[in-house]
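To keep things clear, I will list the structure first and then write my remarks on it.
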Amino acid sequence: MIRLNALYILFPGAIIACLWIALDFHGQQGTTFFGIAETEPRILNFDHDIAIREVFVSPGDKIKAGDTLAIFYRAELDEDQFIRQREMMANETERTAERAILEKEREVVQARLQADLSELTTEIKLLHTEDSIMMVYRGNLYGQSPPEENRVTKKHIEGLQEQIEDLKHQAAEELMVLSAKISATEKVAAEETTKLKGQLNMIQSERERLVLVSPINGYVEDLFFSVNAMIPAHKDLIKINPESPNKIIGFIHETNEVPLSIGSEVDLASFNRPEIVAKGTIVGVNPKMTELPLRLRKFIDLRSWGREVYITIPAVNSFYISEKVNITLPNVQ
């Protein structure tokens with residue numbers, strides 16, 4: 001009877017098993033590898049210290065994008081608004097008072113001009129009257145037609161008329177300066193008002209931001225606050241998980257050479273449900289070797305390493321969370 005050494009039987013079987021395991025690690029082919037459909041939770045926070053006024057959700061609640069999750073309160077916004085409104089009132093009061101002063105100065109200039117003109121005009125009339133009387137008197141005295149106007153009087157009248165023109169010119173300049181001051185005062189006040197209104201609009205915009213809104217469809221995994229709590233800036237407020245996977249993490253065995261490039265489109269298909277397919281885009285590759293997840297191992301106890309590949313997928317898809325997915329690079333020679 002022929003006795004066979006057990007090693008002769010086990011050794012080929014071990015070689016075949018190793019080859020089969022290696023092929024499983026390497027993927028289906030040179031341009032196909034495996035991955036896991038994952039969710040990337042969104043953790044929301046706020047960039048200012050806040051108080052929690054109202055909360056509308058609890059852990060486990062399903063939510064949709066745009067749903068109101070909570071309403072906050074910032075006391076400093078009330079204070080800022082009060083200060084800006086008070087500054088606007090003070091600015092308007094100052095503008096009104098300064099304009100009233102300048103308008104009064106303009107009235108004084110005009111009244112002084114009218115008084116001076118009236119005085120000079122009256123003096124000119126008196127000179128004309130005196131000169132006329134003297135001419136009549138001389139005509140009667142000498143028995144001849146009235147002589148021409150007295151040259152001294154004429155010279156005096158011309159001097160007074162020049163004074164009138166000078167006064168008018170001086171008053172016009174003063175009025176022009178006052179008008180410029182009024183215009184400048186109005187402009188400065190208007191600019192200050194515009195600035196304060198802009199600041200009030202910003203305060204209002206900040207008030208509108210005091211509503212926490214869900215950015216995605218999903219469910220509330222955890223809340224880190226409660227009503228009336230005081231929350232410091234940038235502290236985590238709420239953790240939201242999508243309803244479906246929003247990314248694929250692929251794994252390429254360390255011995256495999258797969259031609260990858262950022263931005264490349266890949267074909268995705270469920271490993272156990274081949275009819276479920278989608279498109280994805282490679283957005284990153286981790287150059288560091290990481291251990292292959294248990295989910296992708298054929299033999300859990302046999303450890304293996306590879307590179308992680310990060311792939312974005314459409315927000316609406318039919319993959320299950322943590323589902324095993326085939327990733328294929330199309331049209332690669």
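Chain labels run A, B, ... following the order of the structure tokens; each chain numbers its residues from 1, and ligands are numbered from 1 in the order shown.
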
Nearby residues (only C-alpha atoms) at most 9 Å from Ala51 (chain A), same-chain spacing under 4 positions excluded, as a list in words: Ile71, Phe72, Tyr73, Arg74, Ala75, Val227, Asn228, Ala229, Met230, Ile231 and Pro232 of chain A

Emit the selected residues as a PDB file, in the first residue's frame, including N, CA, C and O atoms.
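Everything below was put into again.pdb:
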ATOM      1  N   ILE A  71     -33.243  78.589  17.607  1.00  0.00           N
ATOM      2  CA  ILE A  71     -33.162  80.049  17.508  1.00  0.00           C
ATOM      3  C   ILE A  71     -32.277  80.553  18.637  1.00  0.00           C
ATOM      4  O   ILE A  71     -32.445  80.149  19.795  1.00  0.00           O
ATOM      5  N   PHE A  72     -31.330  81.426  18.289  1.00  0.00           N
ATOM      6  CA  PHE A  72     -30.366  81.937  19.252  1.00  0.00           C
ATOM      7  C   PHE A  72     -30.690  83.383  19.638  1.00  0.00           C
ATOM      8  O   PHE A  72     -31.594  84.018  19.085  1.00  0.00           O
ATOM      9  N   TYR A  73     -29.903  83.876  20.596  1.00  0.00           N
ATOM     10  CA  TYR A  73     -30.043  85.264  21.048  1.00  0.00           C
ATOM     11  C   TYR A  73     -28.659  85.813  21.367  1.00  0.00           C
ATOM     12  O   TYR A  73     -27.834  85.111  21.968  1.00  0.00           O
ATOM     13  N   ARG A  74     -28.427  87.062  20.932  1.00  0.00           N
ATOM     14  CA  ARG A  74     -27.167  87.752  21.251  1.00  0.00           C
ATOM     15  C   ARG A  74     -27.486  89.111  21.855  1.00  0.00           C
ATOM     16  O   ARG A  74     -28.001  90.003  21.192  1.00  0.00           O
ATOM     17  N   ALA A  75     -27.198  89.260  23.144  1.00  0.00           N
ATOM     18  CA  ALA A  75     -27.535  90.504  23.854  1.00  0.00           C
ATOM     19  C   ALA A  75     -26.788  91.689  23.285  1.00  0.00           C
ATOM     20  O   ALA A  75     -27.314  92.810  23.262  1.00  0.00           O
ATOM     21  N   VAL A 227     -32.150  74.629  25.984  1.00  0.00           N
ATOM     22  CA  VAL A 227     -32.767  75.960  26.041  1.00  0.00           C
ATOM     23  C   VAL A 227     -32.156  76.776  27.186  1.00  0.00           C
ATOM     24  O   VAL A 227     -31.909  76.255  28.277  1.00  0.00           O
ATOM     25  N   ASN A 228     -31.900  78.062  26.889  1.00  0.00           N
ATOM     26  CA  ASN A 228     -31.348  79.038  27.850  1.00  0.00           C
ATOM     27  C   ASN A 228     -29.866  78.828  28.161  1.00  0.00           C
ATOM     28  O   ASN A 228     -29.307  79.551  28.998  1.00  0.00           O
ATOM     29  N   ALA A 229     -29.251  77.861  27.507  1.00  0.00           N
ATOM     30  CA  ALA A 229     -27.820  77.653  27.726  1.00  0.00           C
ATOM     31  C   ALA A 229     -27.015  78.761  27.071  1.00  0.00           C
ATOM     32  O   ALA A 229     -27.400  79.300  26.032  1.00  0.00           O
ATOM     33  N   MET A 230     -25.891  79.114  27.665  1.00  0.00           N
ATOM     34  CA  MET A 230     -24.952  80.077  27.098  1.00  0.00           C
ATOM     35  C   MET A 230     -23.843  79.288  26.411  1.00  0.00           C
ATOM     36  O   MET A 230     -23.153  78.487  27.055  1.00  0.00           O
ATOM     37  N   ILE A 231     -23.685  79.518  25.118  1.00  0.00           N
ATOM     38  CA  ILE A 231     -22.739  78.742  24.324  1.00  0.00           C
ATOM     39  C   ILE A 231     -21.628  79.649  23.802  1.00  0.00           C
ATOM     40  O   ILE A 231     -21.907  80.665  23.158  1.00  0.00           O
ATOM     41  N   PRO A 232     -20.365  79.320  24.068  1.00  0.00           N
ATOM     42  CA  PRO A 232     -19.269  80.134  23.524  1.00  0.00           C
ATOM     43  C   PRO A 232     -19.114  79.957  22.026  1.00  0.00           C
ATOM     44  O   PRO A 232     -19.593  78.963  21.448  1.00  0.00           O
TER      45      PRO A 232
END

Can you pull out every residue within 12 Å of region 77-80 of chain A, counting only C-alpha atoms, but drop anything in the same chain fewer than 2 positions away, and send it as an mmCIF file with C-alpha atoms, in the first residue's frame?
data_model
loop_
_atom_site.group_PDB
_atom_site.id
_atom_site.type_symbol
_atom_site.label_atom_id
_atom_site.label_comp_id
_atom_site.auth_asym_id
_atom_site.auth_seq_id
_atom_site.Cartn_x
_atom_site.Cartn_y
_atom_site.Cartn_z
ATOM 1 C CA HIS A 48 -20.269 84.280 18.228
ATOM 2 C CA ASP A 49 -21.189 83.713 21.849
ATOM 3 C CA ILE A 50 -24.919 82.982 21.962
ATOM 4 C CA PHE A 72 -30.366 81.937 19.252
ATOM 5 C CA TYR A 73 -30.043 85.264 21.048
ATOM 6 C CA ARG A 74 -27.167 87.752 21.251
ATOM 7 C CA ALA A 75 -27.535 90.504 23.854
ATOM 8 C CA PHE A 82 -29.375 101.071 20.710
ATOM 9 C CA ILE A 83 -25.988 102.773 20.379
ATOM 10 C CA ARG A 84 -26.316 103.207 16.603
ATOM 11 C CA GLN A 85 -29.862 104.570 16.883
ATOM 12 C CA ARG A 86 -28.719 107.026 19.557
ATOM 13 C CA GLU A 87 -25.818 108.099 17.347
ATOM 14 C CA LEU A 196 -24.980 104.219 10.734
ATOM 15 C CA GLN A 199 -24.284 99.292 10.567
ATOM 16 C CA LEU A 200 -27.930 98.864 11.561
ATOM 17 C CA ASN A 201 -28.486 96.744 8.452
ATOM 18 C CA MET A 202 -25.513 94.603 9.439
ATOM 19 C CA ILE A 203 -26.988 94.202 12.921
ATOM 20 C CA GLN A 204 -30.272 93.136 11.331
ATOM 21 C CA SER A 205 -28.393 90.666 9.127
ATOM 22 C CA GLU A 206 -26.729 89.271 12.244
ATOM 23 C CA ARG A 207 -30.163 88.884 13.842
ATOM 24 C CA GLU A 208 -31.341 86.908 10.830
ATOM 25 C CA ARG A 209 -28.358 84.599 11.264
ATOM 26 C CA LEU A 210 -29.575 83.692 14.751
#

Please, which residues in region 83-140 of chain A fall within 9 Å of region 190-194 of chain A when counting only C-alpha atoms, and what is the closest atom pair and distance in Å to one decimal for each, ordered by chain then residue number, as a Markdown table?
| residue | atom | partner | partner_atom | distance |
| --- | --- | --- | --- | --- |
| A:Glu87 | CA | A:Thr193 | CA | 8.8 |
| A:Met88 | CA | A:Thr193 | CA | 6.2 |
| A:Asn91 | CA | A:Thr193 | CA | 7.4 |
| A:Glu92 | CA | A:Thr193 | CA | 8.1 |

Atomic distance CA of Ala315 (chain A) - CA of Ser261 (chain A), expressed in Å with one decimal: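 One can read the CA of Ala315 (chain A) to CA of Ser261 (chain A) distance as 22.3 Å.
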